[in-house]
file my_file.cif (mmCIF, N, CA and C atoms and all ligand atoms)
data_query
loop_
_atom_site.label_atom_id
_atom_site.label_comp_id
_atom_site.auth_asym_id
_atom_site.auth_seq_id
_atom_site.Cartn_x
_atom_site.Cartn_y
_atom_site.Cartn_z
N MET N 1357 39.10 11.06 -15.93
CA MET N 1357 38.02 11.83 -16.56
C MET N 1357 36.69 11.12 -16.34
N ASN N 1358 35.67 11.85 -15.92
CA ASN N 1358 34.36 11.26 -15.71
C ASN N 1358 33.67 10.98 -17.04
N LYS N 1359 33.12 9.80 -17.15
CA LYS N 1359 32.30 9.47 -18.31
C LYS N 1359 30.97 10.21 -18.20
N ILE N 1360 30.58 10.86 -19.28
CA ILE N 1360 29.29 11.55 -19.27
C ILE N 1360 28.42 10.91 -20.35
N PRO N 1361 27.39 10.14 -19.95
CA PRO N 1361 26.57 9.50 -20.98
C PRO N 1361 25.71 10.50 -21.73
N LYS N 1362 25.57 10.28 -23.04
CA LYS N 1362 24.59 11.04 -23.81
C LYS N 1362 23.28 10.27 -23.72
N ILE N 1363 22.22 10.96 -23.35
CA ILE N 1363 20.95 10.26 -23.13
C ILE N 1363 19.87 10.69 -24.12
N GLY N 1364 20.25 11.55 -25.08
CA GLY N 1364 19.28 11.94 -26.11
C GLY N 1364 18.28 12.97 -25.64
N CYS N 1365 18.53 13.61 -24.52
CA CYS N 1365 17.62 14.65 -24.02
C CYS N 1365 17.74 15.91 -24.90
N ALA N 1366 16.70 16.71 -24.93
CA ALA N 1366 16.67 17.93 -25.74
C ALA N 1366 17.81 18.89 -25.37
N CYS N 1367 18.29 18.81 -24.15
CA CYS N 1367 19.35 19.73 -23.73
C CYS N 1367 20.67 19.45 -24.45
N GLU N 1368 20.80 18.28 -25.07
CA GLU N 1368 22.03 17.97 -25.81
C GLU N 1368 22.01 18.55 -27.22
N LYS N 1369 20.84 18.90 -27.71
CA LYS N 1369 20.70 19.54 -29.04
C LYS N 1369 19.75 20.71 -28.89
N PRO N 1370 20.16 21.73 -28.14
CA PRO N 1370 19.23 22.79 -27.75
C PRO N 1370 18.88 23.73 -28.90
N THR N 1371 17.83 23.43 -29.62
CA THR N 1371 17.34 24.33 -30.66
C THR N 1371 16.64 25.51 -30.01
N SER N 1372 16.20 26.47 -30.82
CA SER N 1372 15.57 27.67 -30.26
C SER N 1372 14.26 27.35 -29.56
N THR N 1373 13.71 26.15 -29.80
CA THR N 1373 12.45 25.80 -29.13
C THR N 1373 12.69 25.15 -27.77
N TYR N 1374 13.94 24.89 -27.46
CA TYR N 1374 14.24 24.26 -26.16
C TYR N 1374 14.33 25.33 -25.08
N THR N 1375 13.37 25.34 -24.19
CA THR N 1375 13.35 26.35 -23.12
C THR N 1375 13.19 25.70 -21.75
N GLU N 1376 13.34 24.40 -21.71
CA GLU N 1376 13.08 23.67 -20.47
C GLU N 1376 14.28 23.66 -19.53
N TYR N 1377 14.73 24.83 -19.14
CA TYR N 1377 15.83 24.86 -18.20
C TYR N 1377 15.74 26.10 -17.31
N ARG N 1378 16.37 25.98 -16.17
CA ARG N 1378 16.50 27.11 -15.25
C ARG N 1378 17.92 27.64 -15.35
N THR N 1379 18.06 28.94 -15.36
CA THR N 1379 19.39 29.54 -15.47
C THR N 1379 19.75 30.24 -14.16
N SER N 1380 20.97 30.07 -13.72
CA SER N 1380 21.49 30.97 -12.69
C SER N 1380 22.86 31.46 -13.10
N GLU N 1381 23.04 32.76 -13.01
CA GLU N 1381 24.28 33.40 -13.46
C GLU N 1381 25.42 33.07 -12.51
N ILE N 1382 26.60 32.86 -13.07
CA ILE N 1382 27.79 32.74 -12.24
C ILE N 1382 28.60 34.02 -12.31
N GLY N 1383 28.72 34.58 -13.50
CA GLY N 1383 29.46 35.84 -13.64
C GLY N 1383 30.00 36.00 -15.04
N ILE N 1384 30.96 36.92 -15.17
CA ILE N 1384 31.53 37.25 -16.47
C ILE N 1384 33.00 36.87 -16.46
N ASP N 1385 33.43 36.21 -17.53
CA ASP N 1385 34.85 35.89 -17.69
C ASP N 1385 35.51 36.99 -18.54
N HIS N 1386 36.35 37.81 -17.89
CA HIS N 1386 36.98 38.93 -18.59
C HIS N 1386 38.33 38.55 -19.20
N THR N 1387 38.73 37.27 -19.08
CA THR N 1387 40.03 36.84 -19.58
C THR N 1387 40.22 37.26 -21.04
N ASN N 1388 41.34 37.88 -21.36
CA ASN N 1388 41.66 38.33 -22.72
C ASN N 1388 40.57 39.20 -23.34
N GLY N 1389 39.85 39.93 -22.50
CA GLY N 1389 38.81 40.84 -23.01
C GLY N 1389 37.63 40.13 -23.63
N ARG N 1390 37.40 38.87 -23.22
CA ARG N 1390 36.31 38.11 -23.84
C ARG N 1390 34.94 38.54 -23.36
N ASP N 1391 34.87 38.94 -22.07
CA ASP N 1391 33.59 39.32 -21.48
C ASP N 1391 32.49 38.29 -21.75
N ALA N 1392 32.84 37.05 -21.52
CA ALA N 1392 31.87 35.98 -21.76
C ALA N 1392 31.00 35.77 -20.53
N LYS N 1393 29.75 35.49 -20.78
CA LYS N 1393 28.79 35.26 -19.71
C LYS N 1393 28.84 33.78 -19.32
N VAL N 1394 28.96 33.52 -18.04
CA VAL N 1394 29.01 32.15 -17.56
C VAL N 1394 27.80 31.90 -16.66
N ALA N 1395 27.10 30.84 -16.92
CA ALA N 1395 25.89 30.56 -16.15
C ALA N 1395 25.74 29.06 -15.96
N ILE N 1396 24.86 28.72 -15.03
CA ILE N 1396 24.45 27.33 -14.83
C ILE N 1396 23.07 27.17 -15.46
N GLN N 1397 22.90 26.13 -16.23
CA GLN N 1397 21.57 25.81 -16.72
C GLN N 1397 21.22 24.42 -16.22
N GLN N 1398 20.08 24.32 -15.54
CA GLN N 1398 19.63 22.98 -15.16
C GLN N 1398 18.46 22.58 -16.04
N CYS N 1399 18.60 21.44 -16.69
CA CYS N 1399 17.56 20.96 -17.59
C CYS N 1399 16.38 20.45 -16.76
N LYS N 1400 15.18 20.91 -17.08
CA LYS N 1400 14.01 20.48 -16.33
C LYS N 1400 13.56 19.09 -16.74
N LEU N 1401 14.05 18.61 -17.88
CA LEU N 1401 13.62 17.30 -18.38
C LEU N 1401 14.45 16.18 -17.77
N CYS N 1402 15.78 16.37 -17.71
CA CYS N 1402 16.63 15.29 -17.20
C CYS N 1402 17.34 15.69 -15.90
N GLN N 1403 17.17 16.95 -15.48
CA GLN N 1403 17.73 17.46 -14.22
C GLN N 1403 19.24 17.61 -14.23
N ARG N 1404 19.88 17.37 -15.37
CA ARG N 1404 21.33 17.53 -15.37
C ARG N 1404 21.69 19.01 -15.37
N ILE N 1405 22.87 19.28 -14.85
CA ILE N 1405 23.34 20.66 -14.71
C ILE N 1405 24.43 20.93 -15.74
N TRP N 1406 24.29 22.02 -16.46
CA TRP N 1406 25.25 22.41 -17.48
C TRP N 1406 25.94 23.71 -17.09
N ILE N 1407 27.22 23.80 -17.44
CA ILE N 1407 27.91 25.08 -17.42
C ILE N 1407 27.74 25.69 -18.81
N TYR N 1408 27.22 26.88 -18.86
CA TYR N 1408 26.94 27.53 -20.14
C TYR N 1408 27.87 28.74 -20.27
N TYR N 1409 28.60 28.76 -21.37
CA TYR N 1409 29.61 29.81 -21.58
C TYR N 1409 29.24 30.53 -22.87
N PHE N 1410 28.87 31.79 -22.76
CA PHE N 1410 28.38 32.52 -23.92
C PHE N 1410 29.28 33.72 -24.23
N MET N 1411 29.81 33.73 -25.42
CA MET N 1411 30.70 34.80 -25.84
C MET N 1411 29.99 35.60 -26.91
N LYS N 1412 29.62 36.81 -26.54
CA LYS N 1412 28.95 37.69 -27.50
C LYS N 1412 30.01 38.57 -28.12
N SER N 1413 30.00 38.67 -29.41
CA SER N 1413 31.02 39.44 -30.10
C SER N 1413 30.43 40.73 -30.63
N GLU N 1414 31.30 41.72 -30.89
CA GLU N 1414 30.82 42.95 -31.55
C GLU N 1414 30.35 42.62 -32.96
N ASN N 1415 30.97 41.63 -33.54
CA ASN N 1415 30.54 41.14 -34.84
C ASN N 1415 29.43 40.11 -34.61
N PRO N 1416 28.21 40.40 -35.03
CA PRO N 1416 27.10 39.48 -34.74
C PRO N 1416 27.29 38.10 -35.35
N GLN N 1417 28.21 37.98 -36.30
CA GLN N 1417 28.48 36.67 -36.89
C GLN N 1417 29.43 35.84 -36.03
N SER N 1418 29.86 36.40 -34.93
CA SER N 1418 30.87 35.71 -34.11
C SER N 1418 30.36 35.29 -32.73
N ASP N 1419 29.07 35.40 -32.51
CA ASP N 1419 28.54 34.93 -31.24
C ASP N 1419 28.68 33.42 -31.16
N ARG N 1420 29.08 32.96 -30.00
CA ARG N 1420 29.16 31.51 -29.85
C ARG N 1420 28.97 31.12 -28.41
N TRP N 1421 28.54 29.88 -28.20
CA TRP N 1421 28.36 29.38 -26.84
C TRP N 1421 28.84 27.94 -26.76
N TYR N 1422 29.20 27.59 -25.56
CA TYR N 1422 29.63 26.22 -25.26
C TYR N 1422 28.92 25.82 -23.99
N LYS N 1423 28.56 24.57 -23.87
CA LYS N 1423 28.04 24.12 -22.59
C LYS N 1423 28.41 22.67 -22.37
N GLY N 1424 28.67 22.36 -21.11
CA GLY N 1424 29.06 21.00 -20.76
C GLY N 1424 28.47 20.63 -19.41
N ILE N 1425 28.29 19.35 -19.21
CA ILE N 1425 27.64 18.86 -18.00
C ILE N 1425 28.60 18.87 -16.81
N VAL N 1426 28.08 19.35 -15.70
CA VAL N 1426 28.86 19.39 -14.47
C VAL N 1426 28.11 18.61 -13.39
N THR N 1427 28.85 17.92 -12.55
CA THR N 1427 28.20 17.19 -11.45
C THR N 1427 27.88 18.17 -10.33
N LYS N 1428 26.95 17.78 -9.49
CA LYS N 1428 26.60 18.61 -8.32
C LYS N 1428 27.82 18.87 -7.46
N LYS N 1429 28.70 17.85 -7.39
CA LYS N 1429 29.89 17.95 -6.57
C LYS N 1429 30.86 19.01 -7.12
N ASP N 1430 31.00 19.06 -8.44
CA ASP N 1430 31.97 19.99 -9.04
C ASP N 1430 31.43 21.40 -9.20
N ARG N 1431 30.14 21.52 -9.23
CA ARG N 1431 29.53 22.81 -9.53
C ARG N 1431 30.04 23.97 -8.68
N PRO N 1432 30.19 23.78 -7.34
CA PRO N 1432 30.65 24.92 -6.54
C PRO N 1432 32.07 25.37 -6.88
N ASN N 1433 32.82 24.51 -7.58
CA ASN N 1433 34.21 24.87 -7.91
C ASN N 1433 34.32 25.69 -9.18
N ILE N 1434 33.23 25.86 -9.91
CA ILE N 1434 33.28 26.58 -11.19
C ILE N 1434 33.22 28.08 -10.94
N THR N 1435 34.18 28.78 -11.52
CA THR N 1435 34.17 30.24 -11.47
C THR N 1435 34.16 30.73 -12.92
N PRO N 1436 33.83 32.01 -13.16
CA PRO N 1436 33.89 32.51 -14.54
C PRO N 1436 35.27 32.28 -15.17
N GLU N 1437 36.31 32.41 -14.34
CA GLU N 1437 37.68 32.31 -14.87
C GLU N 1437 38.11 30.89 -15.20
N ASN N 1438 37.56 29.89 -14.50
CA ASN N 1438 38.01 28.53 -14.80
C ASN N 1438 37.00 27.74 -15.64
N ALA N 1439 35.94 28.39 -16.07
CA ALA N 1439 34.89 27.68 -16.82
C ALA N 1439 35.44 27.10 -18.13
N VAL N 1440 36.29 27.86 -18.82
CA VAL N 1440 36.84 27.38 -20.09
C VAL N 1440 37.67 26.12 -19.86
N GLU N 1441 38.54 26.20 -18.86
CA GLU N 1441 39.39 25.06 -18.52
C GLU N 1441 38.54 23.83 -18.17
N PHE N 1442 37.46 24.09 -17.44
CA PHE N 1442 36.57 22.99 -17.07
C PHE N 1442 35.95 22.36 -18.32
N LEU N 1443 35.43 23.19 -19.22
CA LEU N 1443 34.79 22.67 -20.43
C LEU N 1443 35.78 21.88 -21.28
N GLU N 1444 37.01 22.40 -21.35
CA GLU N 1444 38.03 21.73 -22.16
C GLU N 1444 38.46 20.39 -21.57
N SER N 1445 38.21 20.21 -20.27
CA SER N 1445 38.61 18.96 -19.61
C SER N 1445 37.54 17.88 -19.76
N LEU N 1446 36.38 18.25 -20.27
CA LEU N 1446 35.28 17.29 -20.36
C LEU N 1446 35.47 16.35 -21.54
N GLU N 1447 34.82 15.20 -21.42
CA GLU N 1447 34.84 14.22 -22.50
C GLU N 1447 34.15 14.79 -23.74
N TRP N 1448 33.11 15.57 -23.54
CA TRP N 1448 32.43 16.23 -24.65
C TRP N 1448 31.65 17.44 -24.13
N TYR N 1449 31.39 18.35 -25.03
CA TYR N 1449 30.52 19.48 -24.72
C TYR N 1449 29.68 19.77 -25.96
N VAL N 1450 28.78 20.70 -25.84
CA VAL N 1450 27.91 21.08 -26.95
C VAL N 1450 28.23 22.52 -27.29
N TYR N 1451 28.23 22.85 -28.57
CA TYR N 1451 28.49 24.25 -28.92
C TYR N 1451 27.60 24.68 -30.09
N GLY N 1452 27.47 25.99 -30.20
CA GLY N 1452 26.65 26.56 -31.27
C GLY N 1452 26.80 28.06 -31.31
N GLY N 1453 25.93 28.70 -32.08
CA GLY N 1453 25.98 30.16 -32.22
C GLY N 1453 26.21 30.56 -33.66
N SER N 1454 26.10 31.87 -33.92
CA SER N 1454 26.20 32.35 -35.30
C SER N 1454 27.59 32.08 -35.89
N TYR N 1455 28.60 32.07 -35.02
CA TYR N 1455 29.97 31.79 -35.48
C TYR N 1455 30.04 30.42 -36.15
N PHE N 1456 29.22 29.51 -35.70
CA PHE N 1456 29.18 28.15 -36.27
C PHE N 1456 27.96 28.00 -37.19
N GLU N 1457 27.52 29.11 -37.76
CA GLU N 1457 26.36 29.12 -38.66
C GLU N 1457 25.14 28.51 -37.99
N ASP N 1458 25.04 28.72 -36.69
CA ASP N 1458 23.91 28.26 -35.89
C ASP N 1458 23.70 26.75 -35.92
N LYS N 1459 24.74 26.04 -36.30
CA LYS N 1459 24.68 24.58 -36.16
C LYS N 1459 25.00 24.24 -34.71
N ILE N 1460 24.40 23.20 -34.21
CA ILE N 1460 24.67 22.75 -32.85
C ILE N 1460 25.38 21.40 -32.94
N GLU N 1461 26.56 21.34 -32.35
CA GLU N 1461 27.39 20.14 -32.52
C GLU N 1461 27.98 19.72 -31.18
N PHE N 1462 28.44 18.47 -31.14
CA PHE N 1462 29.25 18.01 -30.01
C PHE N 1462 30.71 18.31 -30.30
N GLY N 1463 31.43 18.70 -29.28
CA GLY N 1463 32.85 18.94 -29.44
C GLY N 1463 33.61 18.40 -28.27
N GLU N 1464 34.95 18.46 -28.37
CA GLU N 1464 35.80 18.08 -27.25
C GLU N 1464 37.12 18.81 -27.40
N GLY N 1465 37.83 18.93 -26.29
CA GLY N 1465 39.13 19.59 -26.34
C GLY N 1465 39.00 21.10 -26.34
N LYS N 1466 39.94 21.74 -27.02
CA LYS N 1466 40.04 23.20 -26.94
C LYS N 1466 38.80 23.92 -27.47
N LEU N 1467 38.41 24.98 -26.76
CA LEU N 1467 37.34 25.84 -27.26
C LEU N 1467 37.94 26.86 -28.22
N ASN N 1468 37.21 27.19 -29.25
CA ASN N 1468 37.65 28.24 -30.17
C ASN N 1468 37.11 29.57 -29.66
N LEU N 1469 38.02 30.37 -29.09
CA LEU N 1469 37.60 31.62 -28.47
C LEU N 1469 38.22 32.83 -29.15
N ASP N 1470 38.80 32.65 -30.35
CA ASP N 1470 39.42 33.76 -31.05
C ASP N 1470 38.37 34.81 -31.37
N LEU N 1471 38.74 36.06 -31.11
CA LEU N 1471 37.79 37.14 -31.41
C LEU N 1471 37.86 37.50 -32.88
ZN ZN N 1501 18.05 17.41 -20.42
#
call {"tool": "encode", "arguments": {"input": "my_file.cif", "output": "structure tokens"}}
result
Amino acid sequence: MNKIPKIGCACEKPTSTYTEYRTSEIGIDHTNGRDAKVAIQQCKLCQRIWIYYFMKSENPQSDRWYKGIVTKKDRPNITPENAVEFLESLEWYVYGGSYFEDKIEFGEGKLNLDL
């Protein structure tokens, strides 16, 4: 497992005022009817690349997102379908959304994707 240092950049605690990133879409993960949006976000402050996984629910209280750092080398291997597996394999990721009462936290291991 690759060690991913936390460097205290704003991208690790992305509040609503954090807009310093470029997004490029990868696609939609339709696994189990999740229809989650998968994208790459590159932080303009530290240049690190994140996989961003956003699950929008019909219940507005259940929106949630996860994001984890990916190396330039691994980035081409990420598909909408394997993004969850990739995030779960990381030493840590960041998550938030209304499902988590809009708290932004570090997590590791399994993603909570129950609808
Ligand atoms: Zn950053």
call {"tool": "residues_near_ligand", "arguments": {"input": "my_file.cif", "ligand": "ligand ZN 1501 (chain N)", "cutoff": "12 Å", "atoms": "only C-alpha atoms and all ligand atoms", "output": "ChimeraX atom specification"}}
result
/N:1361-1370,1374-1378,1397-1406,1424-1425
call {"tool": "atom_distance", "arguments": {"input": "my_file.cif", "atom1": "atom N of Leu1446 of chain N", "atom2": "atom CA of Ala1392 of chain N"}}
result
18.4 Å
call {"tool": "atom_distance", "arguments": {"input": "my_file.cif", "atom1": "atom CA of Leu1467 of chain N", "atom2": "atom CA of Tyr1408 of chain N"}}
result
12.7 Å
call {"tool": "select_by_dssp", "arguments": {"input": "my_file.cif", "residues": "chain N", "states": "strand (DSSP E or B)", "output": "VMD selection string"}}
result
chain N and resid 1377 to 1385 1392 to 1399 1405 to 1411 1420 to 1426 1449 to 1452 1461 to 1463
call {"tool": "atom_distance", "arguments": {"input": "my_file.cif", "atom1": "atom N of Tyr1451 of chain N", "atom2": "atom N of Leu1469 of chain N"}}
result
12.4 Å
call {"tool": "closest_residue", "arguments": {"input": "my_file.cif", "among": "N:Leu1471, N:Leu1443, N:Ile1460, N:Ile1382", "to": "Val1394 of chain N", "atoms": "all atoms listed in the file"}}
result
N:Ile1382
